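Undergrad: Structure file entry.cif (mmCIF, C-alpha atoms) is given on the next line.
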data_start
#
loop_
_atom_site.label_atom_id
_atom_site.label_comp_id
_atom_site.auth_asym_id
_atom_site.auth_seq_id
_atom_site.Cartn_x
_atom_site.Cartn_y
_atom_site.Cartn_z
CA SER X 1 16.16 3.21 5.62
CA GLY X 2 15.94 6.44 3.60
CA PHE X 3 12.88 7.61 5.53
CA GLU X 4 12.79 10.86 7.44
CA GLU X 5 12.31 10.66 11.19
CA ASP X 6 9.20 12.85 11.23
CA VAL X 7 7.48 10.57 8.69
CA LEU X 8 8.23 7.51 10.80
CA LEU X 9 7.09 9.21 14.00
CA TYR X 10 3.85 10.43 12.38
CA HIS X 11 3.00 6.84 11.47
CA ASP X 12 4.13 5.44 14.85
CA ILE X 13 6.72 3.18 13.21
CA GLY X 14 8.72 1.56 15.99
CA TYR X 15 11.32 -1.03 16.79
CA ASP X 16 10.84 -4.06 19.01
CA ARG X 17 14.29 -4.70 20.48
CA GLN X 18 13.29 -7.98 22.07
CA LYS X 19 12.12 -9.53 18.80
CA ASN X 20 14.36 -7.46 16.51
CA ARG X 21 11.41 -6.26 14.44
CA ILE X 22 10.46 -2.98 12.81
CA THR X 23 6.82 -2.48 13.82
CA TYR X 24 3.97 -1.01 11.80
CA PRO X 25 0.72 -0.30 13.69
CA VAL X 26 -2.57 -0.76 11.88
CA PHE X 27 -5.51 1.48 12.80
CA THR X 28 -9.15 1.63 11.81
CA ARG X 29 -10.50 4.72 10.09
CA GLU X 30 -11.53 6.00 13.53
CA GLY X 31 -8.02 5.55 14.90
CA GLU X 32 -8.48 2.34 16.90
CA LEU X 33 -5.37 0.16 17.01
CA ILE X 34 -6.29 -3.28 15.65
CA ALA X 35 -2.91 -4.80 14.85
CA VAL X 36 0.83 -4.44 14.90
CA VAL X 37 2.80 -5.97 12.04
CA GLY X 38 6.50 -6.65 12.38
CA ARG X 39 9.42 -7.43 10.11
CA ARG X 40 13.08 -8.11 10.76
CA PRO X 41 15.31 -5.25 9.51
CA THR X 42 17.29 -7.56 7.22
CA SER X 43 15.56 -8.73 4.07
CA GLU X 44 16.54 -12.39 4.38
CA PHE X 45 13.92 -12.85 7.10
CA GLY X 46 11.16 -12.27 4.56
CA LYS X 47 7.55 -11.48 5.19
CA TYR X 48 5.69 -9.17 7.53
CA VAL X 49 4.22 -11.02 10.50
CA PRO X 50 1.26 -9.79 12.59
CA TYR X 51 1.76 -9.87 16.34
CA THR X 52 -0.31 -12.48 18.14
CA GLU X 53 -2.96 -11.52 20.67
CA ARG X 54 -0.62 -12.48 23.51
CA GLU X 55 2.19 -10.37 22.03
CA LEU X 56 -0.13 -7.38 21.67
CA VAL X 57 -1.22 -7.68 25.30
CA SER X 58 2.46 -7.69 26.29
CA LEU X 59 2.82 -4.41 24.37
CA GLY X 60 0.00 -2.88 26.42
CA VAL X 61 -2.92 -3.35 24.00
CA ASP X 62 -5.99 -4.22 26.07
CA HIS X 63 -8.43 -6.75 24.55
CA PRO X 64 -7.00 -6.67 21.02
CA PRO X 65 -9.58 -7.63 18.37
CA LYS X 66 -8.99 -10.42 15.87
CA TYR X 67 -7.00 -8.94 13.00
CA GLU X 68 -8.11 -9.36 9.40
CA LYS X 69 -5.89 -7.37 7.05
CA GLY X 70 -8.52 -7.23 4.30
CA LEU X 71 -10.86 -5.07 6.40
CA VAL X 72 -8.86 -1.85 6.25
CA PHE X 73 -6.23 -0.10 4.20
CA TRP X 74 -3.03 0.85 5.95
CA ARG X 75 -3.03 4.64 6.53
CA GLU X 76 -6.82 4.70 6.29
CA ASP X 77 -6.89 6.63 9.56
CA LYS X 78 -4.37 9.21 8.30
CA PHE X 79 -6.06 9.55 4.93
CA PHE X 80 -9.47 10.30 6.45
CA GLN X 81 -7.90 13.08 8.54
CA THR X 82 -6.72 14.98 5.44
CA ASN X 83 -8.59 17.84 3.83
CA SER X 84 -8.29 16.16 0.43
CA CYS X 85 -10.32 13.20 1.69
CA HIS X 86 -13.56 15.08 1.02
CA ASP X 87 -12.44 16.70 -2.24
CA ARG X 88 -13.54 14.43 -5.07
CA ARG X 89 -11.21 16.21 -7.46
CA GLU X 90 -8.24 14.87 -5.51
CA PRO X 91 -7.46 11.21 -6.39
CA VAL X 92 -6.57 8.51 -3.92
CA ILE X 93 -3.28 6.74 -4.57
CA LEU X 94 -3.41 3.04 -3.77
CA VAL X 95 -0.10 1.25 -3.21
CA GLU X 96 1.04 -2.16 -2.02
CA GLY X 97 2.76 -2.24 1.35
CA PHE X 98 4.00 -0.02 4.15
CA LYS X 99 7.25 1.22 2.63
CA ALA X 100 5.63 2.22 -0.65
CA ALA X 101 3.08 4.33 1.24
CA LEU X 102 5.72 5.92 3.46
CA TRP X 103 7.86 6.84 0.46
CA LEU X 104 4.99 8.63 -1.25
CA VAL X 105 4.05 10.46 1.96
CA GLN X 106 7.66 11.58 2.29
CA ALA X 107 7.48 12.83 -1.31
CA GLY X 108 4.47 14.99 -0.39
CA TYR X 109 1.48 12.76 -1.18
CA ASN X 110 -0.82 12.48 1.80
CA ASN X 111 -3.66 11.10 -0.33
CA VAL X 112 -2.23 7.58 -0.22
CA MET X 113 -3.43 4.32 1.33
CA ALA X 114 -1.89 0.86 1.13
CA LEU X 115 -3.06 -2.66 0.55
CA MET X 116 -1.39 -5.11 2.91
CA GLY X 117 -1.01 -7.67 0.13
CA THR X 118 -2.25 -7.64 -3.46
CA HIS X 119 -5.91 -8.59 -2.99
CA LEU X 120 -8.65 -5.94 -3.07
CA THR X 121 -11.47 -7.10 -0.80
CA ASP X 122 -15.14 -6.13 -0.71
CA ALA X 123 -14.40 -4.03 2.40
CA HIS X 124 -11.70 -2.14 0.48
CA LEU X 125 -14.06 -1.65 -2.45
CA SER X 126 -16.76 -0.28 -0.16
CA THR X 127 -14.34 2.31 1.24
CA LEU X 128 -13.32 3.45 -2.24
CA GLN X 129 -16.94 3.63 -3.39
CA THR X 130 -17.77 5.82 -0.40
CA LEU X 131 -15.02 8.24 -1.37
CA GLY X 132 -16.17 8.51 -4.98
CA LYS X 133 -12.68 9.45 -6.12
CA THR X 134 -10.44 8.60 -9.02
CA VAL X 135 -8.11 5.80 -7.92
CA ILE X 136 -4.47 5.77 -9.06
CA LEU X 137 -3.05 2.28 -8.70
CA CYS X 138 0.63 2.00 -7.82
CA LEU X 139 0.98 -1.71 -7.07
CA ASP X 140 4.24 -3.62 -7.40
CA GLY X 141 5.82 -3.91 -10.82
CA ASP X 142 6.86 -7.58 -10.54
CA PRO X 143 4.82 -10.20 -12.49
CA PRO X 144 2.33 -10.91 -9.65
CA GLY X 145 1.92 -7.15 -9.14
CA VAL X 146 1.33 -6.50 -12.85
CA LYS X 147 -1.27 -9.25 -12.96
CA SER X 148 -2.91 -7.91 -9.80
CA THR X 149 -2.93 -4.36 -11.21
CA VAL X 150 -4.90 -5.48 -14.26
CA LYS X 151 -7.33 -7.54 -12.17
CA THR X 152 -7.82 -4.71 -9.67
CA CYS X 153 -8.33 -2.14 -12.43
CA TYR X 154 -11.16 -4.14 -13.94
CA LYS X 155 -12.74 -4.69 -10.54
CA LEU X 156 -12.60 -0.98 -9.71
CA ASN X 157 -13.74 0.15 -13.15
CA GLU X 158 -17.24 -1.01 -12.31
CA HIS X 159 -17.44 1.50 -9.47
CA CYS X 160 -15.02 4.39 -10.04
CA ARG X 161 -12.53 5.90 -12.45
CA VAL X 162 -9.19 4.14 -12.21
CA LEU X 163 -5.75 4.88 -13.64
CA THR X 164 -2.41 3.23 -13.00
CA CYS X 165 1.31 3.93 -12.90
CA ASN X 166 4.07 2.29 -14.89
CA TYR X 167 7.43 2.34 -13.12
CA PRO X 168 10.43 3.95 -14.82
CA GLY X 169 13.88 2.47 -15.20
CA GLY X 170 13.20 -1.03 -13.93
CA ALA X 171 11.78 0.08 -10.57
CA LEU X 172 9.31 -2.35 -9.00
CA GLN X 173 7.75 -0.13 -6.33
CA PRO X 174 7.63 3.57 -5.41
CA ASP X 175 10.46 3.37 -2.87
CA ASP X 176 12.78 2.09 -5.61
CA ILE X 177 12.55 5.51 -7.27
CA GLN X 178 15.15 7.76 -5.67
CA ASP X 179 14.85 10.49 -8.31
CA MET X 180 11.98 12.65 -7.03
CA ALA X 181 11.43 14.23 -10.45
CA LEU X 182 10.76 10.78 -11.93
CA LEU X 183 8.48 9.88 -9.03
CA HIS X 184 6.42 13.06 -9.37
CA ASP X 185 6.18 12.62 -13.13
CA MET X 186 4.87 9.08 -12.68
CA ILE X 187 2.23 10.11 -10.14
CA LYS X 188 1.16 13.25 -11.99
CA LYS X 189 0.82 11.42 -15.33
CA PRO X 190 -0.98 8.14 -14.64
CA ILE X 191 -2.07 5.98 -17.57
CA THR X 192 -5.13 4.00 -18.58
CA ILE X 193 -5.37 0.25 -18.09
CA THR X 194 -5.28 -0.17 -21.88
CA LYS X 195 -1.91 1.55 -22.12
CA TYR X 196 -0.64 -0.26 -19.03
CA LYS X 197 -1.49 -3.65 -20.54
CA LYS X 198 0.26 -2.69 -23.77
CA LEU X 199 3.42 -1.61 -21.93
CA ASN X 200 3.40 -4.83 -19.89
CA SER X 201 2.14 -7.21 -22.59
CA LYS X 202 5.23 -9.43 -22.45
CA ILE X 203 4.97 -9.94 -18.68
CA LEU X 204 1.23 -10.62 -18.90
CA LYS X 205 1.67 -13.10 -21.73
CA GLU X 206 4.47 -14.98 -19.98
CA THR X 207 2.56 -15.02 -16.70
CA LYS X 208 -0.56 -16.34 -18.44
CA ASN X 209 1.42 -19.08 -20.17
CA GLY X 210 3.24 -20.00 -16.98
CA LYS X 211 6.66 -19.36 -18.50
CA ARG X 212 7.88 -16.75 -16.03
CA LYS X 213 9.21 -18.03 -12.75
CA GLN X 214 7.83 -16.24 -9.72
#
Write out the structure in this file as structure tokens.

TA:
Amino acid sequence: SGFEEDVLLYHDIGYDRQKNRITYPVFTREGELIAVVGRRPTSEFGKYVPYTERELVSLGVDHPPKYEKGLVFWREDKFFQTNSCHDRREPVILVEGFKAALWLVQAGYNNVMALMGTHLTDAHLSTLQTLGKTVILCLDGDPPGVKSTVKTCYKLNEHCRVLTCNYPGGALQPDDIQDMALLHDMIKKPITITKYKKLNSKILKETKNGKRKQ
């Protein structure tokens, strides 16, 4: 997978042999387990699927609450345990998905949380407002991700300072970048939404006109 064992263990990433799924636990800020999301190791099986209440009980989770992925960020519990959480000079890096977050943690960035999807909810916004930090967006670089980045930037701009990352060399997400020097350069030199829109003007225009196939 390219991920170091200690990073996977720290995030309680597991493997369900019975269902052949890699498992990603989801915790509240206080550390309460509220969901387990699974995905088959091979990409042809597609999306991440939350475990049902019955499946969670079989895993030993007593009285699992109803899971709504828009209520928390993934890694919210880990982020709020870091010293940088309370330092407003330290930005929060917001990515899309489990693997993107894990890759940045492995690269040394503990100030990262992940959307489980592309939609920023009011609950997410409330968390970011509470932090009062600069937000660095690192959402996917495919057409839906570019469109979501612009939309999310404008939504966040009303409440906090927001910058974004533009992927080098055709990469579409952080874990596509194997060259750590390129990854660090991207994170350390985020850009404004104005520059991001200019760099991605062709994608945005084609997406708006419905010419690009998803």

Undergrad: Give me the residues near range 140-152 of chain X as a PDB file with C-alpha atoms, keeping the file's coordinate frame, where near means some atom within 6 Å (using all atoms listed in the file) and where sequence neighbours in that chain fewer than 2 positions away do not count.

TA:
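Wrote out_8.pdb, looks like this:
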ATOM      1  CA  TYR X 154     -11.160  -4.140 -13.940  1.00  0.00           C
ATOM      2  CA  LYS X 155     -12.740  -4.690 -10.540  1.00  0.00           C
ATOM      3  CA  LEU X 172       9.310  -2.350  -9.000  1.00  0.00           C
ATOM      4  CA  GLN X 173       7.750  -0.130  -6.330  1.00  0.00           C
TER       5      GLN X 173
END

Undergrad: Could you tell me which residues the PyMOL selection byres ((chain X and resi 123) around 8) grabs in this file, written as a PyMOL selection string?

TA: chain X and resi 70-72+121-122+124-127

Undergrad: Go through X:Leu102, X:Val49, X:Ala181, X:Ile34 and flag the residue nearest Leu9 in chain X, using only C-alpha atoms for the distances.

TA: X:Leu102

Undergrad: Going by the chain IDs and residue numbers used in this file, which residues fall under the PyMOL selection byres ((chain X and resi 61) around 12)? Write them as number ranges by chain.

TA: X: 25, 32-36, 51-60, 62-65

Undergrad: On this structure, which residues satisfy the PyMOL selection byres ((chain X and resi 11) around 10), written as a PyMOL selection string?

TA: chain X and resi 6-10+12-14+24-26+75+78+102

Undergrad: I'd like the interatomic distance between CA of Thr130 in chain X and CA of Phe80 in chain X, to a tenth of an Å.

TA: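 Rounded to one decimal, the two atoms are 11.7 Å apart.
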
Undergrad: Around (4.7, 9.3, -0.1) in the file's frame, which residues reach within 12 Å when counting all atoms listed in the file? Return as a ChimeraX atom specification?

TA: /X:3-4,7-8,11,75,79,92-95,97-114,138,173-175,177-178,180,183-184,187

Undergrad: To one decimal place in Å, what is the distance between CA of Glu68 in chain X and CA of Pro50 in chain X?

TA: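 Separation of CA of Glu68 in chain X and CA of Pro50 in chain X: 9.9 Å.
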
Undergrad: Have a look at X:Arg88, X:Lys198, X:Lys205, X:Lys47 and name the one nearest to Cys160 in chain X; count all atoms listed in the file.

TA: X:Arg88

Undergrad: Find the residue from X:Tyr67, X:His159, X:Trp74, X:Met116 that sits nearest to Tyr48 in chain X; use all atoms listed in the file when measuring.

TA: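 Going through X:Tyr67, X:His159, X:Trp74, X:Met116 one by one, the smallest distance to Tyr48 in chain X is for X:Met116.
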
Undergrad: How far is it from CA of Ile193 in chain X to CA of Arg161 in chain X, in Å with one decimal?

TA: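 Result for CA of Ile193 in chain X versus CA of Arg161 in chain X: 10.7 Å, one decimal.
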
Undergrad: Could you check the closest approach to His119 in chain X for each of X:Asn83, X:Lys69, X:Glu90, X:Asn166 and tell me which residue wins, using only C-alpha atoms?

TA: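 Closest to His119 in chain X, using only C-alpha atoms: X:Lys69.
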
Undergrad: Rank nothing, just name the residue among X:Lys19, X:Pro41, X:Ile136, X:Thr118 nearest to Lys188 in chain X, using all atoms listed in the file.

TA: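 Closest candidate: X:Ile136.
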